[in-house]
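S.K.: My structure is below; once you've seen it, I'll send some questions.
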Protein chains: 2
Amino acid sequence: MKAQAEPACPLPTAKRRGPVSHTVSRVARLHRIAAGKVLKKAGLYPGQEFVMMYLWDAGAARQSDIIKAVGLDPSTVTKMLQRLEQAGHVQRRPDPDDRRGVLVEATETSCGLLADVEEAWGELEDQTLAGLDERDRAELARLLGRVEANLRAETADCPEAARASECTEAAEGGS
Amino acid sequence: MKAQAEPACPLPTAKRRGPVSHTVSRVARLHRIAAGKVLKKAGLYPGQEFVMMYLWDAGAARQSDIIKAVGLDPSTVTKMLQRLEQAGHVQRRPDPDDRRGVLVEATETSCGLLADVEEAWGELEDQTLAGLDERDRAELARLLGRVEANLRAETADCPEAARASECTEAAEGGS
DNA sequence: CAGAATAACTTGGCCGACCAAGGAATGAGT
DNA sequence: ACTCATTCCTTGGTCGGCCAAGTTATTCTG
């Protein structure tokens, strides 16, 4: 009688195997959470580390360079830098040579974070790869590299970013 | 004179190797973008697919069940369901048996999306794993599984979720 | 040299995701 | 029966991301 919660749709095949994509999604989320935790000590939010790292070793940089370096959307970087500036980690000023540009530089005080960030990365790396031997790590790096290339080719249409790809295939045999 | 952008901080060692963690971050982002693209055809945003999939094969469900199933924060699920409801993919009503709960169910019309979502997943899987043979895929799945377990144990403090873990180690030897 | 294209940001909007608090209903303890 | 703790959900805030438009400079034409 109680008509216990049944499938509402006629599942065609309902092959519930675990696509790697799902695992990637889960790992992505967990990894970000873990990153957030270890970065918290440095006072940064996940994502900001990449920008700061770039600034730390590039010195003053135009915003467009940062964007190219981290590969994010310009608006994302803008907002991130605004927060970073407000937090005192970064200093922004108009570029005298190109007045539509903005020069960004890590502040003195922010340099203290460098060590924290590197430590955080080390921790994260250890946490992520715990229990994997060298061979596994290398293998994982290799496979993730391939996956990254795949996705990069797929997300960026074709022209750019897909640097060393053929790009001359329009139809990917859909089987 | 042009004082060409130099490191602003005394980089200690500046070991710029590529930690797997960075690759994971990049892959995570790219994967999400790719997911967004393939899901767009179904009219869903990345993340919603998991909820809908659960609802499609579980029928009516309490919100708490969904939360447990997808493992997200309750507030995330609440907001997602509000949007899903507004989009007509889902129907919510108070649970008569437990008046603080909410029963959620996929709408009739949403069933049409099932096929799209499964197709999208297939596409995403293909894009992600393009060029990898069966052995590589299996290997990747295995390694990601380990990484997931690692991160899961790390993010969830210890008590819960770390189901089959020792959890009896407090100090993780540095170095 | 004027006008069009392009480059470099910014703003606003929207989403997923988190945390921190808070309001209801239910369940457990005494 | 009354209190107290739990559970379930919501609201509000903050962040990282994206996209779509818009603004201001610079450059590339004609």
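Residues in the structure tokens are named by chain (A, B, ... in the order shown) and by number from 1 within that chain; ligands are numbered from 1 in the order shown.
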Can you list, as a ChimeraX atom specification, every protein, DNA or RNA residue that comes within 10 Å of segment 34-43 of chain A when you count only C-alpha atoms (C1' of nucleotides), leaving out same-chain residues fewer than 4 positions away?
M.R.: /A:28-30,47-49,87,89,110,112-125,127-128 /B:21,25,151-152,154-156 /C:18
S.K.: Any chance you can output those residues with C-alpha atoms (C1' of nucleotides) as a short mmCIF file (atom, residue, chain, number, x, y, z; two decimals), in the first residue's frame?
M.R.:
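Written out: out20.cif:
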```
data_model
loop_
_atom_site.label_atom_id
_atom_site.label_comp_id
_atom_site.auth_asym_id
_atom_site.auth_seq_id
_atom_site.Cartn_x
_atom_site.Cartn_y
_atom_site.Cartn_z
CA ALA A 28 37.68 17.29 -7.96
CA ARG A 29 35.36 18.29 -5.19
CA LEU A 30 37.28 16.52 -2.47
CA GLY A 47 42.42 29.24 -6.61
CA GLN A 48 44.18 32.28 -5.26
CA GLU A 49 47.34 30.30 -4.71
CA ALA A 87 43.19 41.32 1.93
CA HIS A 89 48.18 40.39 -0.48
CA SER A 110 52.38 38.65 1.21
CA GLY A 112 55.43 35.62 4.18
CA LEU A 113 52.75 33.45 2.70
CA LEU A 114 55.02 31.91 0.14
CA ALA A 115 56.37 29.39 2.57
CA ASP A 116 52.91 28.58 3.85
CA VAL A 117 51.61 28.02 0.38
CA GLU A 118 54.48 25.77 -0.55
CA GLU A 119 53.99 23.83 2.60
CA ALA A 120 50.27 23.61 1.94
CA TRP A 121 50.96 22.29 -1.52
CA GLY A 122 53.30 19.72 -0.12
CA GLU A 123 50.73 18.62 2.38
CA LEU A 124 48.05 18.43 -0.22
CA GLU A 125 50.30 16.43 -2.46
CA GLN A 127 47.40 13.66 1.25
CA THR A 128 46.40 13.14 -2.32
CA SER B 21 47.79 18.26 -7.28
CA SER B 25 43.09 21.16 -10.13
CA LEU B 151 40.96 12.71 0.15
CA ARG B 152 37.78 11.44 1.64
CA GLU B 154 41.35 13.68 4.85
CA THR B 155 38.38 15.94 4.38
CA ALA B 156 35.96 14.15 6.61
"C1'" DC C 18 31.07 25.99 1.56
#
```
S.K.: Which residues come within 9 Å of segment 92-98 of chain B, counting only C-alpha atoms (C1' of nucleotides), excluding same-chain residues fewer than 5 positions away, as JSON, numbers by chain?
M.R.: {"B": [62, 81, 82, 85, 103, 104, 105, 106], "C": [25, 26]}
S.K.: Return as an MDAnalysis selection string the residues belonging to chain B that are within 8 Å of chain A, counting only C-alpha atoms.
M.R.: chainID B and resid 5:9 11 19:21 23:28 30:34 55:61 106 108 111 121 124:125 127:130 136 140:141 143:145 147:148 150:152 154:155
S.K.: Write the residues of the selection above to a file with N, CA and C atoms, as a tab-separated table (two decimals), in the first residue's frame.
M.R.:
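The resulting file, out_28.tsv, is reproduced below:
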```tsv
chain	number	residue	atom	x	y	z
B	5	ALA	N	60.42	43.27	-14.45
B	5	ALA	CA	59.71	42.30	-13.61
B	5	ALA	C	60.56	41.17	-13.03
B	6	GLU	N	61.04	41.39	-11.86
B	6	GLU	CA	61.79	40.30	-11.24
B	6	GLU	C	61.04	39.76	-10.02
B	7	PRO	N	61.41	38.58	-9.64
B	7	PRO	CA	60.82	38.00	-8.44
B	7	PRO	C	60.82	39.00	-7.30
B	8	ALA	N	59.73	39.09	-6.65
B	8	ALA	CA	59.62	40.06	-5.56
B	8	ALA	C	60.01	39.45	-4.23
B	9	CYS	N	60.05	38.15	-4.21
B	9	CYS	CA	60.36	37.47	-2.97
B	9	CYS	C	61.54	36.56	-3.20
B	11	LEU	N	62.76	33.53	-3.49
B	11	LEU	CA	62.29	32.15	-3.60
B	11	LEU	C	63.31	31.23	-2.95
B	19	PRO	N	53.47	19.34	-9.40
B	19	PRO	CA	52.81	18.40	-8.50
B	19	PRO	C	51.55	17.85	-9.15
B	20	VAL	N	51.25	16.66	-8.83
B	20	VAL	CA	50.04	16.05	-9.37
B	20	VAL	C	48.82	16.87	-8.94
B	21	SER	N	48.91	17.46	-7.77
B	21	SER	CA	47.79	18.26	-7.28
B	21	SER	C	47.42	19.36	-8.25
B	23	THR	N	47.83	19.33	-11.43
B	23	THR	CA	47.16	18.71	-12.55
B	23	THR	C	45.72	18.37	-12.18
B	24	VAL	N	45.56	17.89	-10.97
B	24	VAL	CA	44.21	17.57	-10.53
B	24	VAL	C	43.33	18.82	-10.59
B	25	SER	N	43.86	19.92	-10.11
B	25	SER	CA	43.09	21.16	-10.13
B	25	SER	C	42.70	21.54	-11.55
B	26	ARG	N	43.66	21.49	-12.42
B	26	ARG	CA	43.38	21.86	-13.80
B	26	ARG	C	42.38	20.92	-14.43
B	27	VAL	N	42.60	19.65	-14.21
B	27	VAL	CA	41.68	18.67	-14.78
B	27	VAL	C	40.28	18.89	-14.21
B	28	ALA	N	40.22	19.18	-12.93
B	28	ALA	CA	38.93	19.40	-12.31
B	28	ALA	C	38.18	20.51	-13.01
B	30	LEU	N	38.72	21.85	-16.02
B	30	LEU	CA	38.40	21.53	-17.41
B	30	LEU	C	37.26	20.54	-17.49
B	31	HIS	N	37.29	19.59	-16.58
B	31	HIS	CA	36.25	18.58	-16.60
B	31	HIS	C	34.88	19.20	-16.33
B	32	ARG	N	34.88	20.15	-15.44
B	32	ARG	CA	33.61	20.81	-15.11
B	32	ARG	C	33.11	21.62	-16.30
B	33	ILE	N	34.03	22.29	-16.97
B	33	ILE	CA	33.63	23.06	-18.14
B	33	ILE	C	33.06	22.13	-19.20
B	34	ALA	N	33.77	21.03	-19.41
B	34	ALA	CA	33.31	20.07	-20.40
B	34	ALA	C	31.93	19.54	-20.02
B	55	LEU	N	17.08	11.03	-8.28
B	55	LEU	CA	15.62	11.10	-8.22
B	55	LEU	C	14.98	10.20	-9.28
B	56	TRP	N	15.59	10.17	-10.42
B	56	TRP	CA	15.01	9.37	-11.49
B	56	TRP	C	14.96	7.90	-11.12
B	57	ASP	N	15.98	7.45	-10.41
B	57	ASP	CA	15.86	6.03	-10.13
B	57	ASP	C	15.46	5.72	-8.71
B	58	ALA	N	15.26	6.72	-7.90
B	58	ALA	CA	14.81	6.43	-6.55
B	58	ALA	C	13.35	6.82	-6.37
B	59	GLY	N	12.81	7.53	-7.32
B	59	GLY	CA	11.43	8.00	-7.16
B	59	GLY	C	11.40	9.13	-6.15
B	60	ALA	N	10.29	9.26	-5.45
B	60	ALA	CA	10.19	10.31	-4.45
B	60	ALA	C	11.20	10.05	-3.34
B	61	ALA	N	11.82	11.09	-2.90
B	61	ALA	CA	12.84	10.91	-1.88
B	61	ALA	C	12.84	12.09	-0.93
B	106	ALA	N	11.06	13.82	-9.17
B	106	ALA	CA	11.28	14.32	-10.53
B	106	ALA	C	9.94	14.46	-11.23
B	108	GLU	N	7.23	14.68	-14.41
B	108	GLU	CA	7.03	13.88	-15.61
B	108	GLU	C	7.91	14.40	-16.74
B	111	CYS	N	11.55	13.58	-17.13
B	111	CYS	CA	11.99	12.26	-17.57
B	111	CYS	C	12.59	12.30	-18.97
B	121	TRP	N	26.67	12.15	-20.40
B	121	TRP	CA	27.68	11.44	-19.63
B	121	TRP	C	28.57	10.59	-20.53
B	124	LEU	N	30.90	12.87	-22.35
B	124	LEU	CA	31.93	13.37	-21.45
B	124	LEU	C	32.97	12.30	-21.18
B	125	GLU	N	32.47	11.10	-20.99
B	125	GLU	CA	33.38	9.99	-20.74
B	125	GLU	C	34.31	9.79	-21.93
B	127	GLN	N	35.14	11.98	-24.22
B	127	GLN	CA	36.06	13.11	-24.34
B	127	GLN	C	37.19	12.98	-23.33
B	128	THR	N	36.80	12.61	-22.13
B	128	THR	CA	37.79	12.53	-21.07
B	128	THR	C	38.84	11.47	-21.34
B	129	LEU	N	38.38	10.34	-21.82
B	129	LEU	CA	39.27	9.20	-21.93
B	129	LEU	C	39.76	8.95	-23.35
B	130	ALA	N	39.55	9.91	-24.21
B	130	ALA	CA	39.96	9.73	-25.61
B	130	ALA	C	41.42	9.31	-25.69
B	136	ASP	N	44.73	1.47	-19.72
B	136	ASP	CA	44.93	2.79	-19.14
B	136	ASP	C	43.70	3.25	-18.39
B	140	LEU	N	43.61	4.19	-14.57
B	140	LEU	CA	43.19	5.51	-14.14
B	140	LEU	C	42.07	5.40	-13.10
B	141	ALA	N	41.14	4.54	-13.37
B	141	ALA	CA	40.03	4.35	-12.44
B	141	ALA	C	40.55	3.89	-11.09
B	143	LEU	N	43.59	4.30	-9.81
B	143	LEU	CA	44.36	5.33	-9.12
B	143	LEU	C	43.46	6.44	-8.59
B	144	LEU	N	42.49	6.82	-9.39
B	144	LEU	CA	41.58	7.86	-8.92
B	144	LEU	C	40.79	7.38	-7.72
B	145	GLY	N	40.49	6.10	-7.74
B	145	GLY	CA	39.79	5.54	-6.60
B	145	GLY	C	40.61	5.68	-5.32
B	147	VAL	N	42.97	7.85	-4.80
B	147	VAL	CA	43.06	9.27	-4.47
B	147	VAL	C	41.77	9.71	-3.78
B	148	GLU	N	40.67	9.26	-4.31
B	148	GLU	CA	39.40	9.63	-3.71
B	148	GLU	C	39.33	9.18	-2.25
B	150	ASN	N	41.78	8.58	-0.28
B	150	ASN	CA	42.70	9.42	0.49
B	150	ASN	C	42.06	10.73	0.88
B	151	LEU	N	41.52	11.38	-0.10
B	151	LEU	CA	40.96	12.71	0.15
B	151	LEU	C	39.73	12.64	1.03
B	152	ARG	N	38.98	11.59	0.84
B	152	ARG	CA	37.78	11.44	1.64
B	152	ARG	C	38.16	11.28	3.12
B	154	GLU	N	40.72	12.45	4.40
B	154	GLU	CA	41.35	13.68	4.85
B	154	GLU	C	40.34	14.79	5.09
B	155	THR	N	39.35	14.86	4.26
B	155	THR	CA	38.38	15.94	4.38
B	155	THR	C	37.40	15.68	5.51
```
S.K.: Quick check: residues of chain A within 9 Å of chain C, only C-alpha atoms (C1' of nucleotides), returned as a PyMOL selection string.
M.R.: chain A and resi 29+33+63-64+74-75+78+100-102
S.K.: Which value, in Å to one decimal, gives the distance between atom CA of Thr76 of chain B and atom C1' of DA20 of chain D?
M.R.: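 Between atom CA of Thr76 of chain B and atom C1' of DA20 of chain D the gap works out to 25.4 Å.
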S.K.: Taking only C-alpha atoms (C1' of nucleotides) into account, what are the residues of chain D at most 8 Å from chain B, put as a list in words?
M.R.: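 Going by the stated atoms only, the list reads DC8, DC9 and DT10 of chain D.
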S.K.: For the selection you just gave me, I'd like the residues written to a file as a PDB file, in the first residue's frame, keeping all heavy atoms.
M.R.:
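Output file selection-v7.pdb is given in full below:
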```
ATOM      1  P    DC D   8      17.513  13.549   9.466  1.00  0.00           P
ATOM      2  OP1  DC D   8      16.680  12.450   8.907  1.00  0.00           O
ATOM      3  OP2  DC D   8      18.950  13.647   9.167  1.00  0.00           O
ATOM      4  O5'  DC D   8      16.822  14.940   9.066  1.00  0.00           O
ATOM      5  C5'  DC D   8      15.398  15.033   9.091  1.00  0.00           C
ATOM      6  C4'  DC D   8      14.975  16.360   8.513  1.00  0.00           C
ATOM      7  O4'  DC D   8      15.377  17.410   9.424  1.00  0.00           O
ATOM      8  C3'  DC D   8      15.636  16.693   7.168  1.00  0.00           C
ATOM      9  O3'  DC D   8      14.637  16.987   6.218  1.00  0.00           O
ATOM     10  C2'  DC D   8      16.514  17.889   7.464  1.00  0.00           C
ATOM     11  C1'  DC D   8      15.844  18.503   8.680  1.00  0.00           C
ATOM     12  N1   DC D   8      16.748  19.296   9.571  1.00  0.00           N
ATOM     13  C2   DC D   8      16.310  20.537  10.073  1.00  0.00           C
ATOM     14  O2   DC D   8      15.194  20.947   9.755  1.00  0.00           O
ATOM     15  N3   DC D   8      17.141  21.245  10.875  1.00  0.00           N
ATOM     16  C4   DC D   8      18.344  20.762  11.188  1.00  0.00           C
ATOM     17  N4   DC D   8      19.107  21.495  11.994  1.00  0.00           N
ATOM     18  C5   DC D   8      18.796  19.499  10.695  1.00  0.00           C
ATOM     19  C6   DC D   8      17.977  18.808   9.905  1.00  0.00           C
ATOM     20  P    DC D   9      15.007  17.084   4.701  1.00  0.00           P
ATOM     21  OP1  DC D   9      13.850  16.689   3.897  1.00  0.00           O
ATOM     22  OP2  DC D   9      16.310  16.442   4.490  1.00  0.00           O
ATOM     23  O5'  DC D   9      15.170  18.657   4.576  1.00  0.00           O
ATOM     24  C5'  DC D   9      13.978  19.417   4.686  1.00  0.00           C
ATOM     25  C4'  DC D   9      14.283  20.842   5.072  1.00  0.00           C
ATOM     26  O4'  DC D   9      15.244  20.909   6.129  1.00  0.00           O
ATOM     27  C3'  DC D   9      14.866  21.704   3.972  1.00  0.00           C
ATOM     28  O3'  DC D   9      13.780  22.414   3.362  1.00  0.00           O
ATOM     29  C2'  DC D   9      15.825  22.660   4.708  1.00  0.00           C
ATOM     30  C1'  DC D   9      15.723  22.221   6.161  1.00  0.00           C
ATOM     31  N1   DC D   9      17.001  22.213   6.908  1.00  0.00           N
ATOM     32  C2   DC D   9      17.265  23.268   7.785  1.00  0.00           C
ATOM     33  O2   DC D   9      16.439  24.173   7.887  1.00  0.00           O
ATOM     34  N3   DC D   9      18.425  23.262   8.483  1.00  0.00           N
ATOM     35  C4   DC D   9      19.293  22.257   8.335  1.00  0.00           C
ATOM     36  N4   DC D   9      20.417  22.286   9.049  1.00  0.00           N
ATOM     37  C5   DC D   9      19.038  21.167   7.443  1.00  0.00           C
ATOM     38  C6   DC D   9      17.889  21.182   6.747  1.00  0.00           C
ATOM     39  P    DT D  10      14.096  23.415   2.200  1.00  0.00           P
ATOM     40  OP1  DT D  10      12.815  23.653   1.514  1.00  0.00           O
ATOM     41  OP2  DT D  10      15.271  22.911   1.467  1.00  0.00           O
ATOM     42  O5'  DT D  10      14.500  24.771   2.941  1.00  0.00           O
ATOM     43  C5'  DT D  10      13.593  25.326   3.887  1.00  0.00           C
ATOM     44  C4'  DT D  10      14.118  26.655   4.414  1.00  0.00           C
ATOM     45  O4'  DT D  10      15.218  26.413   5.333  1.00  0.00           O
ATOM     46  C3'  DT D  10      14.647  27.608   3.342  1.00  0.00           C
ATOM     47  O3'  DT D  10      14.021  28.870   3.521  1.00  0.00           O
ATOM     48  C2'  DT D  10      16.138  27.672   3.604  1.00  0.00           C
ATOM     49  C1'  DT D  10      16.259  27.322   5.071  1.00  0.00           C
ATOM     50  N1   DT D  10      17.523  26.645   5.435  1.00  0.00           N
ATOM     51  C2   DT D  10      18.368  27.247   6.333  1.00  0.00           C
ATOM     52  O2   DT D  10      18.129  28.325   6.841  1.00  0.00           O
ATOM     53  N3   DT D  10      19.509  26.540   6.618  1.00  0.00           N
ATOM     54  C4   DT D  10      19.880  25.308   6.099  1.00  0.00           C
ATOM     55  O4   DT D  10      20.927  24.771   6.437  1.00  0.00           O
ATOM     56  C5   DT D  10      18.949  24.738   5.158  1.00  0.00           C
ATOM     57  C7   DT D  10      19.239  23.408   4.522  1.00  0.00           C
ATOM     58  C6   DT D  10      17.826  25.418   4.876  1.00  0.00           C
TER      59       DT D  10
END
```
S.K.: Could you give me, as a list in words, each residue of segment 66-101 of chain B that DSSP assigns to helix (DSSP H, G or I) when run on this structure's backbone?
M.R.: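 Across segment 66-101 of chain B, those assigned helix (DSSP H, G or I) are Ile66, Ile67, Lys68, Ala69, Val70, Pro74, Ser75, Thr76, Val77, Thr78, Lys79, Met80, Leu81, Gln82, Arg83, Leu84, Glu85 and Gln86 of chain B.
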S.K.: Write a file of the just-selected residues containing N, CA and C atoms, as a PDB file, in the first residue's frame.
M.R.:
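Everything below was put into again-v8.pdb:
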```
ATOM      1  N   ILE B  66      18.704  12.547  -0.451  1.00  0.00           N
ATOM      2  CA  ILE B  66      19.477  13.087  -1.569  1.00  0.00           C
ATOM      3  C   ILE B  66      20.826  13.569  -1.069  1.00  0.00           C
ATOM      4  N   ILE B  67      20.777  14.291   0.028  1.00  0.00           N
ATOM      5  CA  ILE B  67      22.007  14.821   0.584  1.00  0.00           C
ATOM      6  C   ILE B  67      22.995  13.709   0.878  1.00  0.00           C
ATOM      7  N   LYS B  68      22.474  12.646   1.481  1.00  0.00           N
ATOM      8  CA  LYS B  68      23.360  11.535   1.790  1.00  0.00           C
ATOM      9  C   LYS B  68      23.904  10.917   0.506  1.00  0.00           C
ATOM     10  N   ALA B  69      23.035  10.839  -0.491  1.00  0.00           N
ATOM     11  CA  ALA B  69      23.430  10.184  -1.729  1.00  0.00           C
ATOM     12  C   ALA B  69      24.511  10.959  -2.469  1.00  0.00           C
ATOM     13  N   VAL B  70      24.337  12.236  -2.563  1.00  0.00           N
ATOM     14  CA  VAL B  70      25.301  13.000  -3.344  1.00  0.00           C
ATOM     15  C   VAL B  70      26.439  13.550  -2.490  1.00  0.00           C
ATOM     16  N   PRO B  74      23.936  20.397   2.861  1.00  0.00           N
ATOM     17  CA  PRO B  74      22.482  20.551   2.803  1.00  0.00           C
ATOM     18  C   PRO B  74      22.050  21.854   2.116  1.00  0.00           C
ATOM     19  N   SER B  75      22.727  22.898   2.446  1.00  0.00           N
ATOM     20  CA  SER B  75      22.310  24.172   1.865  1.00  0.00           C
ATOM     21  C   SER B  75      22.507  24.184   0.357  1.00  0.00           C
ATOM     22  N   THR B  76      23.536  23.511  -0.080  1.00  0.00           N
ATOM     23  CA  THR B  76      23.754  23.416  -1.524  1.00  0.00           C
ATOM     24  C   THR B  76      22.575  22.722  -2.184  1.00  0.00           C
ATOM     25  N   VAL B  77      22.176  21.632  -1.585  1.00  0.00           N
ATOM     26  CA  VAL B  77      21.075  20.861  -2.148  1.00  0.00           C
ATOM     27  C   VAL B  77      19.779  21.666  -2.110  1.00  0.00           C
ATOM     28  N   THR B  78      19.553  22.339  -1.033  1.00  0.00           N
ATOM     29  CA  THR B  78      18.349  23.157  -0.940  1.00  0.00           C
ATOM     30  C   THR B  78      18.264  24.142  -2.102  1.00  0.00           C
ATOM     31  N   LYS B  79      19.321  24.872  -2.279  1.00  0.00           N
ATOM     32  CA  LYS B  79      19.303  25.870  -3.337  1.00  0.00           C
ATOM     33  C   LYS B  79      19.199  25.244  -4.714  1.00  0.00           C
ATOM     34  N   MET B  80      19.898  24.159  -4.872  1.00  0.00           N
ATOM     35  CA  MET B  80      19.835  23.497  -6.170  1.00  0.00           C
ATOM     36  C   MET B  80      18.419  23.042  -6.462  1.00  0.00           C
ATOM     37  N   LEU B  81      17.771  22.489  -5.451  1.00  0.00           N
ATOM     38  CA  LEU B  81      16.408  22.001  -5.665  1.00  0.00           C
ATOM     39  C   LEU B  81      15.453  23.153  -5.935  1.00  0.00           C
ATOM     40  N   GLN B  82      15.696  24.258  -5.310  1.00  0.00           N
ATOM     41  CA  GLN B  82      14.837  25.412  -5.580  1.00  0.00           C
ATOM     42  C   GLN B  82      14.928  25.800  -7.047  1.00  0.00           C
ATOM     43  N   ARG B  83      16.149  25.795  -7.548  1.00  0.00           N
ATOM     44  CA  ARG B  83      16.310  26.149  -8.963  1.00  0.00           C
ATOM     45  C   ARG B  83      15.744  25.075  -9.865  1.00  0.00           C
ATOM     46  N   LEU B  84      15.964  23.843  -9.470  1.00  0.00           N
ATOM     47  CA  LEU B  84      15.448  22.724 -10.244  1.00  0.00           C
ATOM     48  C   LEU B  84      13.919  22.775 -10.268  1.00  0.00           C
ATOM     49  N   GLU B  85      13.345  23.146  -9.157  1.00  0.00           N
ATOM     50  CA  GLU B  85      11.889  23.233  -9.104  1.00  0.00           C
ATOM     51  C   GLU B  85      11.403  24.358 -10.005  1.00  0.00           C
ATOM     52  N   GLN B  86      12.079  25.475  -9.893  1.00  0.00           N
ATOM     53  CA  GLN B  86      11.698  26.621 -10.697  1.00  0.00           C
ATOM     54  C   GLN B  86      11.828  26.317 -12.185  1.00  0.00           C
TER      55      GLN B  86
END
```
S.K.: Find the distance between atom CA of Asp133 of chain A and atom CA of Glu134 of chain B and write it in Å to one decimal.
M.R.: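 Distance between the two atoms: 22.0 Å.
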S.K.: Using DSSP on the backbone coordinates, identify the residues of segment 11-150 of chain A assigned to strand (DSSP E); present them as a list in words.
M.R.: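 Put together, the selection reads Ala61, Arg62, Val90, Gln91, Arg92, Arg93, Pro94, Val102, Leu103, Val104, Glu105 and Ala106 of chain A.
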S.K.: Write the selection just made, keeping N, CA and C atoms, as a compact mmCIF listing (two decimals), in the first residue's frame?
M.R.:
```txt
# COMPACT_ATOMS: atom_id res chain seq x y z
N ALA A 61 53.24 42.29 -12.76
CA ALA A 61 52.75 41.69 -13.99
C ALA A 61 51.46 42.37 -14.42
N ARG A 62 51.26 42.38 -15.69
CA ARG A 62 49.98 42.89 -16.17
C ARG A 62 48.93 41.84 -15.92
N VAL A 90 48.10 41.91 -2.32
CA VAL A 90 48.42 42.32 -3.67
C VAL A 90 48.22 43.82 -3.80
N GLN A 91 48.97 44.40 -4.73
CA GLN A 91 48.83 45.83 -4.93
C GLN A 91 48.63 46.08 -6.40
N ARG A 92 47.67 46.91 -6.71
CA ARG A 92 47.34 47.16 -8.12
C ARG A 92 47.51 48.63 -8.45
N ARG A 93 48.01 48.90 -9.63
CA ARG A 93 48.09 50.29 -10.07
C ARG A 93 48.02 50.30 -11.59
N PRO A 94 47.54 51.38 -12.14
CA PRO A 94 47.40 51.48 -13.59
C PRO A 94 48.78 51.42 -14.26
N VAL A 102 46.44 47.06 -16.14
CA VAL A 102 46.65 47.18 -14.69
C VAL A 102 47.86 46.37 -14.30
N LEU A 103 48.73 47.00 -13.55
CA LEU A 103 49.89 46.28 -13.06
C LEU A 103 49.62 45.73 -11.67
N VAL A 104 49.94 44.50 -11.50
CA VAL A 104 49.68 43.85 -10.22
C VAL A 104 51.00 43.37 -9.63
N GLU A 105 51.09 43.50 -8.34
CA GLU A 105 52.32 43.07 -7.68
C GLU A 105 51.99 42.53 -6.30
N ALA A 106 52.70 41.49 -5.92
CA ALA A 106 52.51 40.95 -4.58
C ALA A 106 53.09 41.93 -3.57
```
